[in-house]
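Novice: I'd like to ask some things about the structure below.
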Amino acid sequence: MLNYNSVIKNEINHESVSIKEISPVIKINVRGKKREFLTNIGKNLNMILPTEANTSTTSDKLTAIWLSPDEWMIVSNQVKNKDVNKQELIEMLFNIISKTNLGAVVDVTDQFVQLELKGNDIYEIFAAGCPFNFNEFKEKKGSTTQTVLNNVDVILHNKEENIVNLFVRRSFAEHLSYWIEDCASRL
């Protein structure tokens, strides 16, 4: 059984912003450059990894987020049962990628916390603590970026209009969630 400690116990709601932790969700970092790497990933996941910077691709069960020209984070679109330690996806990727020396597969499920921010003012919160210009980002569903928010490294994924998934390292998640809640209360 995996030990998942939630950073946010309950959904936080303010007038025009809500914040909740999506947990537990499988998160896998994959790296590779070879054509066979991309082919094997595509065949086994039924999705093509994004090759354009700051984009993502989504299937029924998974989302792949571009992190660099040879690195992606694959995230489950479904919450896993906390009492199950079966990780068939990770084992399958390890067998077809790592064991065949096509690339690397690392389970980062426990490393990153996924927060979902919803509301009309989420970009006001981002603007308060982030140097990134969100003008194009918020108009393009599926866009992603790696940036800093309140001096904390984050990965942002534009899921839908006014819905953003934020991935933050677990050690900074509580601090960042308090900061986000404080910003939301001042809007």
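Please note that chains go A, B, ... in the order of the structure tokens, that every chain numbers its residues from 1, and that ligands are numbered from 1 in the order shown.
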Dump as a tab-separated table the rows for residues of range 61-129 of chain A within 9 Å of range 25-34 of chain A: closest atom pair and distance in Å with one decimal, only C-alpha atoms counted, ordered by chain and rising residue number.
Specialist:
```
residue	atom	partner	partner_atom	distance
A:Pro69	CA	A:Lys33	CA	8.1
A:Asp70	CA	A:Gly32	CA	5.3
A:Glu71	CA	A:Arg31	CA	4.4
A:Trp72	CA	A:Val30	CA	5.4
A:Met73	CA	A:Asn29	CA	4.5
A:Ile74	CA	A:Ile28	CA	5.0
A:Val75	CA	A:Lys27	CA	4.6
A:Ser76	CA	A:Ile26	CA	5.3
A:Asn77	CA	A:Val25	CA	7.5
A:Gln78	CA	A:Val25	CA	6.6
A:Val79	CA	A:Val25	CA	5.0
A:Lys80	CA	A:Val25	CA	5.8
A:Gln87	CA	A:Ile26	CA	8.4
A:Leu89	CA	A:Ile26	CA	8.8
A:Ile90	CA	A:Ile28	CA	7.3
A:Leu93	CA	A:Val30	CA	8.6
A:Ile97	CA	A:Gly32	CA	8.4
A:Leu102	CA	A:Gly32	CA	6.3
A:Gly103	CA	A:Gly32	CA	4.3
A:Ala104	CA	A:Arg31	CA	5.1
A:Val105	CA	A:Val30	CA	4.6
A:Val106	CA	A:Asn29	CA	5.1
A:Asp107	CA	A:Ile28	CA	4.6
A:Val108	CA	A:Ile28	CA	5.4
A:Thr109	CA	A:Lys27	CA	4.5
A:Asp110	CA	A:Lys27	CA	8.1
A:Gln111	CA	A:Lys27	CA	8.7
A:Phe112	CA	A:Lys27	CA	7.7
A:Val113	CA	A:Val25	CA	8.9
A:Gln114	CA	A:Val25	CA	8.0
```
Novice: Just write the chosen residues, N, CA and C atoms, as a short mmCIF file (atom, residue, chain, number, x, y, z; two decimals), in the first residue's frame.
Specialist:
```
data_model
loop_
_atom_site.label_atom_id
_atom_site.label_comp_id
_atom_site.auth_asym_id
_atom_site.auth_seq_id
_atom_site.Cartn_x
_atom_site.Cartn_y
_atom_site.Cartn_z
N PRO A 69 13.08 18.67 -25.03
CA PRO A 69 13.04 17.92 -26.29
C PRO A 69 13.11 16.40 -26.13
N ASP A 70 13.64 15.92 -25.01
CA ASP A 70 13.71 14.47 -24.82
C ASP A 70 13.12 14.03 -23.47
N GLU A 71 12.20 14.84 -22.92
CA GLU A 71 11.65 14.52 -21.60
C GLU A 71 10.17 14.89 -21.53
N TRP A 72 9.37 13.99 -20.94
CA TRP A 72 7.93 14.19 -20.79
C TRP A 72 7.50 13.69 -19.42
N MET A 73 6.44 14.27 -18.90
CA MET A 73 5.80 13.72 -17.71
C MET A 73 4.45 13.16 -18.15
N ILE A 74 4.24 11.89 -17.86
CA ILE A 74 2.99 11.23 -18.20
C ILE A 74 2.16 11.15 -16.91
N VAL A 75 0.94 11.66 -16.99
CA VAL A 75 0.07 11.76 -15.82
C VAL A 75 -1.22 11.01 -16.11
N SER A 76 -1.66 10.24 -15.13
CA SER A 76 -2.94 9.54 -15.26
C SER A 76 -4.07 10.55 -15.14
N ASN A 77 -5.10 10.38 -15.94
CA ASN A 77 -6.28 11.23 -15.86
C ASN A 77 -7.27 10.72 -14.82
N GLN A 78 -6.95 9.58 -14.20
CA GLN A 78 -7.84 8.96 -13.24
C GLN A 78 -7.14 8.82 -11.90
N VAL A 79 -7.88 9.03 -10.84
CA VAL A 79 -7.34 8.87 -9.50
C VAL A 79 -7.24 7.37 -9.21
N LYS A 80 -6.09 6.96 -8.66
CA LYS A 80 -5.84 5.56 -8.31
C LYS A 80 -6.44 5.24 -6.95
N GLN A 87 1.23 -1.09 -10.14
CA GLN A 87 1.61 -0.02 -11.05
C GLN A 87 1.97 -0.63 -12.41
N LEU A 89 1.35 0.29 -15.41
CA LEU A 89 1.83 1.26 -16.40
C LEU A 89 3.33 1.49 -16.25
N ILE A 90 3.78 1.67 -15.04
CA ILE A 90 5.21 1.90 -14.79
C ILE A 90 6.02 0.68 -15.17
N LEU A 93 6.14 0.39 -19.04
CA LEU A 93 7.06 1.36 -19.62
C LEU A 93 8.52 1.00 -19.31
N ILE A 97 11.04 0.40 -22.38
CA ILE A 97 11.94 1.54 -22.57
C ILE A 97 13.28 1.32 -21.87
N LEU A 102 16.30 2.14 -24.54
CA LEU A 102 15.79 3.19 -25.41
C LEU A 102 15.67 4.52 -24.69
N GLY A 103 15.65 4.47 -23.36
CA GLY A 103 15.49 5.69 -22.59
C GLY A 103 15.37 5.36 -21.11
N ALA A 104 14.79 6.29 -20.37
CA ALA A 104 14.65 6.14 -18.93
C ALA A 104 13.20 6.36 -18.51
N VAL A 105 12.79 5.60 -17.49
CA VAL A 105 11.45 5.72 -16.92
C VAL A 105 11.61 5.86 -15.42
N VAL A 106 11.05 6.94 -14.85
CA VAL A 106 11.14 7.18 -13.41
C VAL A 106 9.76 7.49 -12.86
N ASP A 107 9.37 6.79 -11.81
CA ASP A 107 8.10 7.05 -11.15
C ASP A 107 8.26 8.28 -10.25
N VAL A 108 7.56 9.36 -10.57
CA VAL A 108 7.64 10.60 -9.78
C VAL A 108 6.31 10.89 -9.09
N THR A 109 5.51 9.84 -8.90
CA THR A 109 4.20 9.99 -8.27
C THR A 109 4.30 10.64 -6.91
N ASP A 110 5.23 10.18 -6.09
CA ASP A 110 5.36 10.73 -4.74
C ASP A 110 6.16 12.02 -4.71
N GLN A 111 6.85 12.34 -5.78
CA GLN A 111 7.68 13.55 -5.81
C GLN A 111 6.85 14.80 -6.06
N PHE A 112 5.82 14.69 -6.89
CA PHE A 112 5.00 15.84 -7.27
C PHE A 112 3.60 15.76 -6.68
N VAL A 113 3.10 16.89 -6.27
CA VAL A 113 1.71 17.05 -5.84
C VAL A 113 0.98 17.76 -6.98
N GLN A 114 -0.21 17.29 -7.30
CA GLN A 114 -1.01 17.91 -8.35
C GLN A 114 -2.15 18.68 -7.72
#
```
Novice: From a backbone DSSP assignment, name each residue in range 97-178 of chain A labelled alpha helix (DSSP H), as a PyMOL selection string.
Specialist: chain A and resi 122-129+170-178
Novice: Could you jot down the CA of Asn40 in chain A to CA of Asn101 in chain A separation for me, Å, one decimal place?
Specialist: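 Separation between CA of Asn40 in chain A and CA of Asn101 in chain A: 12.1 Å.
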Novice: At a cut-off of 9 Å, using only C-alpha atoms, what residues contact Ala53 in chain A? Leave out same-chain residues fewer than 6 positions from it and give the result as an MDAnalysis selection string.
Specialist: chainID A and resid 66:69 143:145
Novice: Okay, now the selection with C-alpha atoms, as an mmCIF file, in the first residue's frame?
Specialist:
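Result written to result04.cif:
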```cif
data_model
loop_
_atom_site.group_PDB
_atom_site.id
_atom_site.type_symbol
_atom_site.label_atom_id
_atom_site.label_comp_id
_atom_site.auth_asym_id
_atom_site.auth_seq_id
_atom_site.Cartn_x
_atom_site.Cartn_y
_atom_site.Cartn_z
ATOM 1 C CA TRP A 66 6.335 18.191 -22.762
ATOM 2 C CA LEU A 67 9.202 19.106 -20.403
ATOM 3 C CA SER A 68 12.172 19.246 -22.813
ATOM 4 C CA PRO A 69 13.036 17.924 -26.287
ATOM 5 C CA SER A 143 -0.473 24.397 -23.215
ATOM 6 C CA THR A 144 2.140 23.826 -20.522
ATOM 7 C CA THR A 145 4.993 25.712 -18.942
#
```
Novice: Mind pulling up the distance from CA of Lys118 in chain A to CA of Lys20 in chain A?
Specialist: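 Distance between the two atoms: 8.9 Å.
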Novice: From the list A:Glu181, A:Glu174, A:Asp60, A:Glu15, which residue is nearest Ile125 in chain A when using only C-alpha atoms?
Specialist: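 For Ile125 in chain A, the nearest of the given residues is A:Glu181.
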Novice: Applying 7 Å and only C-alpha atoms, which residues near Phe132 in chain A remain after dropping the ones on its own chain fewer than 2 positions away? List them as a list in words.
Specialist: Cys130, Phe134 and Thr147 of chain A
Novice: From the list A:Ile180, A:Ile41, A:Met92, A:Leu156, which residue is nearest Ile8 in chain A when using only C-alpha atoms?
Specialist: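 That would be A:Ile180, the residue with the smallest distance to Ile8 in chain A.
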Novice: Using only C-alpha atoms, which protein or nucleic acid residues come within 9 Å of Lys159 in chain A? Drop anything in the same chain fewer than 2 positions from it, and give the result as a list of chain:residue names.
Specialist: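 The residues satisfying every condition are A:Lys141, A:Gly142, A:Ser143, A:His157, A:Glu161, A:Asn162, A:Ile163, A:Val164, A:Asn165.
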Novice: What does the file look like for those residues with all heavy atoms, as a short mmCIF file (atom, residue, chain, number, x, y, z; two decimals), in the first residue's frame?
Specialist:
```cif
data_model
loop_
_atom_site.label_atom_id
_atom_site.label_comp_id
_atom_site.auth_asym_id
_atom_site.auth_seq_id
_atom_site.Cartn_x
_atom_site.Cartn_y
_atom_site.Cartn_z
N LYS A 141 -5.82 25.61 -24.94
CA LYS A 141 -6.03 24.41 -24.15
C LYS A 141 -4.89 23.42 -24.42
O LYS A 141 -4.48 23.23 -25.55
CB LYS A 141 -7.37 23.77 -24.52
CG LYS A 141 -7.67 22.52 -23.76
CD LYS A 141 -8.98 21.92 -24.19
CE LYS A 141 -9.19 20.58 -23.53
NZ LYS A 141 -10.40 19.92 -23.97
N GLY A 142 -4.36 22.84 -23.35
CA GLY A 142 -3.28 21.87 -23.49
C GLY A 142 -1.89 22.47 -23.41
O GLY A 142 -0.90 21.74 -23.41
N SER A 143 -1.80 23.79 -23.32
CA SER A 143 -0.47 24.40 -23.21
C SER A 143 0.11 24.13 -21.83
O SER A 143 -0.61 23.94 -20.85
CB SER A 143 -0.53 25.89 -23.52
OG SER A 143 -1.42 26.55 -22.67
N HIS A 157 -0.26 23.20 -16.39
CA HIS A 157 -0.92 22.58 -17.54
C HIS A 157 -2.31 23.17 -17.68
O HIS A 157 -3.14 23.05 -16.76
CB HIS A 157 -0.99 21.06 -17.34
CG HIS A 157 -1.78 20.35 -18.39
ND1 HIS A 157 -2.96 19.71 -18.11
CD2 HIS A 157 -1.58 20.19 -19.72
CE1 HIS A 157 -3.44 19.18 -19.22
NE2 HIS A 157 -2.62 19.47 -20.21
N GLU A 161 -10.57 25.95 -20.12
CA GLU A 161 -10.70 27.38 -19.83
C GLU A 161 -10.90 27.57 -18.32
O GLU A 161 -11.80 26.99 -17.73
CB GLU A 161 -11.87 27.98 -20.60
CG GLU A 161 -11.99 29.47 -20.41
CD GLU A 161 -13.12 30.08 -21.23
OE1 GLU A 161 -13.61 29.42 -22.16
OE2 GLU A 161 -13.49 31.21 -20.91
N ASN A 162 -10.02 28.36 -17.73
CA ASN A 162 -10.05 28.66 -16.30
C ASN A 162 -9.87 27.45 -15.39
O ASN A 162 -10.31 27.46 -14.24
CB ASN A 162 -11.31 29.43 -15.92
CG ASN A 162 -11.35 30.79 -16.57
OD1 ASN A 162 -10.33 31.45 -16.74
ND2 ASN A 162 -12.53 31.22 -16.98
N ILE A 163 -9.25 26.39 -15.91
CA ILE A 163 -8.87 25.22 -15.09
C ILE A 163 -7.41 24.89 -15.41
O ILE A 163 -7.07 24.60 -16.55
CB ILE A 163 -9.75 23.99 -15.37
CG1 ILE A 163 -11.22 24.29 -15.10
CG2 ILE A 163 -9.27 22.80 -14.52
CD1 ILE A 163 -12.16 23.15 -15.45
N VAL A 164 -6.56 24.96 -14.39
CA VAL A 164 -5.13 24.71 -14.57
C VAL A 164 -4.69 23.67 -13.55
O VAL A 164 -5.02 23.76 -12.37
CB VAL A 164 -4.31 26.01 -14.39
CG1 VAL A 164 -2.83 25.73 -14.40
CG2 VAL A 164 -4.67 27.01 -15.48
N ASN A 165 -3.94 22.67 -14.04
CA ASN A 165 -3.29 21.72 -13.14
C ASN A 165 -1.90 22.26 -12.83
O ASN A 165 -1.16 22.64 -13.74
CB ASN A 165 -3.17 20.34 -13.78
CG ASN A 165 -4.48 19.59 -13.77
OD1 ASN A 165 -5.33 19.83 -12.94
ND2 ASN A 165 -4.65 18.69 -14.71
#
```
Novice: Can you tell me which residues surround range 149-153 of chain A at a distance of at most 10 Å, considering only C-alpha atoms, apart from same-chain residues fewer than 3 positions away, and format the answer as a list in words?
Specialist: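 Result of the neighbour search: Ile125, Phe126, Ala127, Ala128, Gly129, Cys130, Pro131, Phe132, Gln146, Leu156, Phe167, Val168, Arg169, Phe172, Ala173, His175, Leu176, Trp179 and Ile180 of chain A.
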Novice: So, with only C-alpha atoms as the atoms that count, which of A:Ser18, A:Ser6, A:Thr57, A:Asn158 lies closest to Gly119 in chain A?
Specialist: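 So, comparing all the options, the nearest one is A:Ser18.
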Novice: Hey, what does DSSP flag as strand (DSSP E) within range 6-63 of chain A? Can you give it to me as a PyMOL selection string?
Specialist: chain A and resi 12-13+18-21+27-32+56-58+62-63
Novice: CA of Ile19 in chain A and CA of Glu52 in chain A, how far apart in Å?
Specialist: 28.8 Å
